Amino acid sequence: MSGMNPRQREAVRHFGTPLLVLAGAGSGKTRVITQKIAHLVDDRRMEARHIAAVTFTNKAAREMAERVGKLVKGKSARGLTISTFHTLGLNIIRRELKALGYKPGFSIFDAQDAEALLKDLLRHGKQDDGVASTHQWRISHWKNALLSPEQALAQAEDELDQRTALLYADYQRSLKAYNAVDFDDLIQLPVRLFLDHPETLDKWRDRIRYLLVDEYQDTNGAQYELVRQLAGMRRAFTVVGDDDQSIYAWRGARPENLAKLKEDFPDLELIKLEQNYRSSSRILKTANRLIANNPHVFEKRLWSELGPGDPIRVRECNNDQHEAQWVVSEIMNSKFIRGGRYGDYAILYRGNHQARLFEAELRNHNIPYFLSGGQSFFARAEVKDVMSYLRLLANPDDDAAFLRVVNVPRREIGATTLEKLAGHASQRGVTLLAACSDLGLEQSLSGKGLKRLRDFAEWVGEFHRRAEQDHTVDTVRAMLRDIDYEGWLRDKSSDKKVAERRMKNVLELVDWLDNLHKKDPDRTLADMVNHLALQDILDQQNEEDTSEQVRLMTLHSAKGLEFPHVFLVGMEEEIIPHRTSIDEDNIEEERRLAYVGITRAQRTLTITHCAKRKRYGEVVSCDPSRFLDELQGEEVQFEGGKTKPPPEEQKRRGQAHLAGLKAMLEE
DNA sequence: ACGCCGCGTATTTTT
DNA sequence: TACGCGGCGT
């Protein structure tokens with residue numbers, strides 16, 4: 001408890017009624033949660049297995065677990081749950097499989113699998129479809145709001161909505177037939193289960209006697225309901241959040257869940273953490289001024305004792321290329337003057353496409369950089385292939401996995417054969433793998449195609465049996481050898497290096513499986529695969545030394561992070577606030593996005609905007625963001641624009657400066 | 001099975 | 001501009 005401020009201490013000690021901690025940016029919220037867990041275990045003598053802390057990302061969960069591990073010694077931390085919402089949901093589902101009507105070995109469909117399934121359903125429904133991803137989007141929103149297909153249909157407002165609702169029903173039926181759940185189901189199914197089976201809910205309430213929720217403003221309808229259900233009569237919970245950092249409403253988060261809490265739990269205690277330990281006061285004043293333009297349920301004012309710090313600089317650039325050049329030269333300049341590391345610098349932008357010019361410029365100067373975003377580990381083809389094999393071994397009903405691997409590596413099973421197989425399968429009401437062994441299949445298929453399918457099915461069956469008996473990971477290795485996956489990667493990849501990298505990813509995956517198995521040898525393959533599917537392995541690989549790399553990332557992925565020097569780029573109308581948000585009149589969330597960006601900065605903050613910018617290949621002129629008007633004040637220095645030196649002088653200075661720096665860097 | 005062409009689209013992203 | 005996808009031809 002030492003080194004905490006009175007408010008933080010109060011939040012840690014509070015017990016007996018529900019607690020909402022309104023934690024401003026950089027106010028030490030993770031500290032409060034971890035200390036609170038320690039307090040519950042050490043001082044209130046609660047058993048760790050009765051405490052659950054829930055986060056949104058694996059990274060946050062990992063960080064929290066690590067910090068709690070340092071506070072709570074050895075055995076007393078045993079059984080503590082620190083996990084993401086989705087992992088918590090997965091654990092509930094796998095323990096209550098029967099009641100939910102799922103079979104053991106069920107699969108988890110990721111967004112890609114789900115979209116592929118929807119496309120397939122649309123193809124066969126052969127209505128003048130519409131884009132699968134649009135349907136997927138709506139269905140996800142319905143699920144997150146706990147609407148069943150029937151309810152969705154009942155409240156559909158137009159024809160498109162109705163079609164999506166019908167598709168939603170088909171989609172759920174298919175998932176069930178494949179013995180699979182999607183990401184949204186991981187939350188939705190437990191909630192529905194608890195609604196239908198109060199006795200099961202009681203069991204889980206007895207298990208989770210104290211609940212802590214991080215980033216509470218990001219909860220969606222289903223997640224909030226889960227929290228409410230688990231809290232129950234005991235009402236023993238602490239949620240931590242910040243309405244000003246709610247930037248995920250577009251994907252179903254409901255920041256009003258913060259205010260709703262007060263209605264649902266009248267004895268809710270509210271504690272505000274307003275002291276910021278991250279930024280200098282000029283940065284905070286600017287942030288406060290900007291966010292004051294949003295309506296607030298809870299008033300909050302951040303302050304800090306870190307001194308005034310440097311003024312905030314706002315710089316106008318001629319165009320996007322100039323912006324990149326200027327920012328990169330500023331980074332070189334600053335690093336040269338201050339010392340320090342490239343890892344102290346972050347360039348934050350609204351959309352990923354903005355990264356390109358900065359990347360190019362950094363590369364020009366041989367400055368190392370780290371780009372967040374891009375595809376995740378599990379989106380990689382080779383990882384998806386192997387995951388699909390594992391899924392199929394664990395769950396023979398997983399048609400998505402079947403389709404993915406049936407011809408990888410080549411088994412000469414083409415589209416026509418699969419089309420016929422699928423036709424037969426749906427006629428018989430069985431899944432694809434089962435249909436391969438169906439005796440009636442001769443009627444639809446003959447010759448080579450039939451034989452190849454049967455061989456494949458037999459092969460899967462054999463490894464399925466082995467996986468159940470043998471040391472699971474050995475079976476996986478044997479399987480990969482058997483199909484010569486490495487050889488397939490080599491043949492397929494143009495570059496030898498690429499093939500090696502891909503194989504490395506595969507081996508990484510197998511290693512993870514091995515580790516999981518060693519930790520708990522009793523787990524089934526399906527179990528391990530499902531847990532793996534919710535992890536982002538790359539996340540953790542990436543934690544390797546980034547201290548000398550300039551960070552490039554979107555404002556969204558910067559949430560929760562901090563950097564000594566922040567460059568907030570592209571501060572223009574139609575970018576922040578984004579065009580579509582202007583059209584939809586959703587400026588407030590964009591303002592919060594800008595607020596999140598500003599509050600990432602510890603020591604210096606530089607904001608840029610361009611007079612012109614290339615958009616879809618066309619040069620367009622840009623207005624400075626309205627947020628620049630809103631945040632201006634005595635802490636903010638505007639450079640460029642009217643006050644900037646003439647271009648020739650600027651260029652001369654820039655070149656001289658760069659030449660000097662280059663000379664020094666070369667030494 | 002593969003590759004080429006033309007079309008449409010174009011935030012933010014985690015699990 | 002750029003990329004991915006579906007359609008079509010070889």
# chains A, B, ... in the order shown; residues from 1 in each chain; ligands from 1
call {"tool": "residues_around", "arguments": {"residues": "C:DT10", "least_positions_apart": "4", "cutoff": "12 Å", "atoms": "only C-alpha atoms (C1' of nucleotides)", "output": "list of chain:residue names"}}
result
B:DA1, B:DC2, B:DG3, B:DC4
call {"tool": "write_last_selection", "arguments": {"atoms": "C-alpha atoms (C1' of nucleotides)", "output": "PDB file, in the first residue's frame"}}
result
ATOM      1  C1'  DA B   1      -5.510 -25.714 -61.060  1.00  0.00           C
ATOM      2  C1'  DC B   2      -3.765 -21.528 -62.051  1.00  0.00           C
ATOM      3  C1'  DG B   3      -3.250 -16.908 -63.629  1.00  0.00           C
ATOM      4  C1'  DC B   4      -4.909 -12.746 -65.519  1.00  0.00           C
TER       5       DC B   4
END
call {"tool": "residues_around", "arguments": {"residues": "A:Gly560", "least_positions_apart": "2", "cutoff": "9 Å", "atoms": "only C-alpha atoms (C1' of nucleotides)", "output": "ChimeraX atom specification"}}
result
/A:25-26,60,557-558,562,596,600
call {"tool": "write_last_selection", "arguments": {"atoms": "C-alpha atoms", "output": "short mmCIF file (atom, residue, chain, number, x, y, z; two decimals), in the first residue's frame"}}
result
data_model
loop_
_atom_site.label_atom_id
_atom_site.label_comp_id
_atom_site.auth_asym_id
_atom_site.auth_seq_id
_atom_site.Cartn_x
_atom_site.Cartn_y
_atom_site.Cartn_z
CA ALA A 25 -5.47 8.25 -18.13
CA GLY A 26 -2.21 7.47 -16.36
CA ALA A 60 -3.45 -6.71 -20.17
CA SER A 557 -3.75 0.46 -30.48
CA ALA A 558 -1.95 3.12 -28.47
CA GLU A 562 2.73 5.69 -22.87
CA VAL A 596 -6.33 9.20 -25.88
CA ARG A 600 -0.14 8.98 -24.21
#
call {"tool": "interface_residues", "arguments": {"of": "chain A", "to": "chain B", "cutoff": "7 Å", "atoms": "only C-alpha atoms (C1' of nucleotides)", "output": "list in words"}}
result
Thr57, His86, Phe183, Gly351, Leu534 and His556 of chain A
call {"tool": "write_last_selection", "arguments": {"atoms": "N, CA, C and O atoms", "output": "PDB file, in the first residue's frame"}}
result
ATOM      1  N   THR A  57      -7.810  -7.675 -23.248  1.00  0.00           N
ATOM      2  CA  THR A  57      -6.747  -8.220 -24.089  1.00  0.00           C
ATOM      3  C   THR A  57      -5.866  -9.180 -23.302  1.00  0.00           C
ATOM      4  O   THR A  57      -5.765  -9.104 -22.076  1.00  0.00           O
ATOM      5  N   HIS A  86     -13.141 -13.376 -22.961  1.00  0.00           N
ATOM      6  CA  HIS A  86     -13.372 -14.507 -23.846  1.00  0.00           C
ATOM      7  C   HIS A  86     -12.846 -15.808 -23.262  1.00  0.00           C
ATOM      8  O   HIS A  86     -13.478 -16.855 -23.385  1.00  0.00           O
ATOM      9  N   PHE A 183     -16.442 -16.104 -31.733  1.00  0.00           N
ATOM     10  CA  PHE A 183     -15.946 -15.300 -30.618  1.00  0.00           C
ATOM     11  C   PHE A 183     -17.077 -14.688 -29.803  1.00  0.00           C
ATOM     12  O   PHE A 183     -17.015 -14.639 -28.571  1.00  0.00           O
ATOM     13  N   GLY A 351      -5.473   6.113 -39.120  1.00  0.00           N
ATOM     14  CA  GLY A 351      -5.683   4.910 -39.928  1.00  0.00           C
ATOM     15  C   GLY A 351      -4.374   4.279 -40.350  1.00  0.00           C
ATOM     16  O   GLY A 351      -3.372   4.978 -40.549  1.00  0.00           O
ATOM     17  N   LEU A 534      -7.296 -18.279 -28.606  1.00  0.00           N
ATOM     18  CA  LEU A 534      -7.604 -16.997 -27.980  1.00  0.00           C
ATOM     19  C   LEU A 534      -6.358 -16.226 -27.576  1.00  0.00           C
ATOM     20  O   LEU A 534      -6.426 -15.151 -27.001  1.00  0.00           O
ATOM     21  N   HIS A 556      -5.982   3.815 -31.791  1.00  0.00           N
ATOM     22  CA  HIS A 556      -6.665   2.745 -31.068  1.00  0.00           C
ATOM     23  C   HIS A 556      -5.683   1.802 -30.388  1.00  0.00           C
ATOM     24  O   HIS A 556      -5.861   1.449 -29.230  1.00  0.00           O
TER      25      HIS A 556
END
call {"tool": "select_by_dssp", "arguments": {"residues": "stretch 231-277 of chain A", "states": "helix (DSSP H, G or I)", "output": "mmCIF file with N, CA, C and O atoms, in the first residue's frame"}}
result
data_model
loop_
_atom_site.group_PDB
_atom_site.id
_atom_site.type_symbol
_atom_site.label_atom_id
_atom_site.label_comp_id
_atom_site.auth_asym_id
_atom_site.auth_seq_id
_atom_site.Cartn_x
_atom_site.Cartn_y
_atom_site.Cartn_z
ATOM 1 N N ALA A 231 -22.046 -11.102 -10.504
ATOM 2 C CA ALA A 231 -22.033 -10.279 -9.289
ATOM 3 C C ALA A 231 -23.173 -10.699 -8.367
ATOM 4 O O ALA A 231 -22.983 -10.870 -7.158
ATOM 5 N N ASP A 243 -14.702 6.894 -18.942
ATOM 6 C CA ASP A 243 -15.616 7.193 -20.049
ATOM 7 C C ASP A 243 -14.926 8.005 -21.142
ATOM 8 O O ASP A 243 -15.295 7.927 -22.307
ATOM 9 N N ASP A 244 -13.896 8.765 -20.768
ATOM 10 C CA ASP A 244 -13.212 9.574 -21.772
ATOM 11 C C ASP A 244 -12.319 8.749 -22.689
ATOM 12 O O ASP A 244 -11.845 9.240 -23.704
ATOM 13 N N GLN A 245 -12.078 7.513 -22.302
ATOM 14 C CA GLN A 245 -11.244 6.671 -23.157
ATOM 15 C C GLN A 245 -12.048 5.587 -23.861
ATOM 16 O O GLN A 245 -11.507 4.566 -24.286
ATOM 17 N N ALA A 249 -16.912 2.080 -29.283
ATOM 18 C CA ALA A 249 -18.372 1.985 -29.451
ATOM 19 C C ALA A 249 -18.706 1.395 -30.810
ATOM 20 O O ALA A 249 -19.682 0.666 -30.958
ATOM 21 N N TRP A 250 -17.894 1.684 -31.808
ATOM 22 C CA TRP A 250 -18.153 1.192 -33.169
ATOM 23 C C TRP A 250 -18.125 -0.321 -33.264
ATOM 24 O O TRP A 250 -18.637 -0.899 -34.192
ATOM 25 N N ARG A 251 -17.509 -0.972 -32.277
ATOM 26 C CA ARG A 251 -17.586 -2.431 -32.358
ATOM 27 C C ARG A 251 -18.412 -3.006 -31.216
ATOM 28 O O ARG A 251 -18.208 -4.120 -30.779
ATOM 29 N N ASN A 257 -22.647 1.811 -20.121
ATOM 30 C CA ASN A 257 -22.640 0.803 -19.065
ATOM 31 C C ASN A 257 -22.076 1.374 -17.766
ATOM 32 O O ASN A 257 -22.380 0.876 -16.685
ATOM 33 N N LEU A 258 -21.252 2.406 -17.880
ATOM 34 C CA LEU A 258 -20.715 3.058 -16.681
ATOM 35 C C LEU A 258 -21.835 3.701 -15.877
ATOM 36 O O LEU A 258 -21.946 3.497 -14.663
ATOM 37 N N ALA A 259 -22.672 4.463 -16.573
ATOM 38 C CA ALA A 259 -23.760 5.145 -15.886
ATOM 39 C C ALA A 259 -24.837 4.150 -15.444
ATOM 40 O O ALA A 259 -25.448 4.299 -14.387
ATOM 41 N N LYS A 260 -25.006 3.120 -16.262
ATOM 42 C CA LYS A 260 -26.039 2.127 -15.990
ATOM 43 C C LYS A 260 -25.782 1.397 -14.675
ATOM 44 O O LYS A 260 -26.709 0.990 -13.958
ATOM 45 N N LEU A 261 -24.520 1.256 -14.386
ATOM 46 C CA LEU A 261 -24.104 0.578 -13.166
ATOM 47 C C LEU A 261 -24.740 1.198 -11.929
ATOM 48 O O LEU A 261 -25.136 0.515 -10.987
ATOM 49 N N LYS A 262 -24.853 2.505 -11.967
ATOM 50 C CA LYS A 262 -25.402 3.226 -10.833
ATOM 51 C C LYS A 262 -26.892 2.898 -10.648
ATOM 52 O O LYS A 262 -27.389 2.818 -9.528
ATOM 53 N N GLU A 263 -27.574 2.717 -11.777
ATOM 54 C CA GLU A 263 -28.995 2.355 -11.691
ATOM 55 C C GLU A 263 -29.156 0.925 -11.201
ATOM 56 O O GLU A 263 -30.007 0.638 -10.359
ATOM 57 N N ASP A 264 -28.340 0.035 -11.757
ATOM 58 C CA ASP A 264 -28.486 -1.376 -11.408
ATOM 59 C C ASP A 264 -28.004 -1.690 -9.996
ATOM 60 O O ASP A 264 -28.468 -2.636 -9.371
#
call {"tool": "closest_residue", "arguments": {"among": "A:Thr81, A:Ser174, A:Thr416, A:Ser625", "to": "A:Glu47", "atoms": "only C-alpha atoms"}}
result
A:Thr81
call {"tool": "closest_atom_pairs", "arguments": {"of": "chain C", "to": "chain A", "cutoff": "12 Å", "atoms": "only C-alpha atoms (C1' of nucleotides)", "output": "tab-separated table"}}
result
residue	atom	partner	partner_atom	distance
C:DT1	C1'	A:Gly617	CA	4.2
C:DA2	C1'	A:Tyr616	CA	8.5
C:DC3	C1'	A:His353	CA	11.9
C:DC5	C1'	A:Val131	CA	11.5
call {"tool": "residues_around", "arguments": {"residues": "A:His471", "least_positions_apart": "5", "cutoff": "12 Å", "atoms": "only C-alpha atoms (C1' of nucleotides)", "output": "list in words"}}
result
Phe463, Arg465, Arg466, Val476, Arg477, Ala478, Leu513, Asp514, His517, Lys518, Pro521, Asp522, Arg523, Thr524 and Leu525 of chain A
call {"tool": "select_by_dssp", "arguments": {"residues": "stretch 245-411 of chain A", "states": "strand (DSSP E or B)", "output": "JSON, numbers by chain"}}
result
{"A": [253, 269, 270, 271, 272, 273, 275, 276, 303, 304, 312, 313, 314, 315, 316, 317, 345, 346, 347, 348, 349, 369, 370, 371]}
call {"tool": "atom_distance", "arguments": {"atom1": "atom CA of A:Ile598", "atom2": "atom CA of A:Leu19"}}
result
28.0 Å
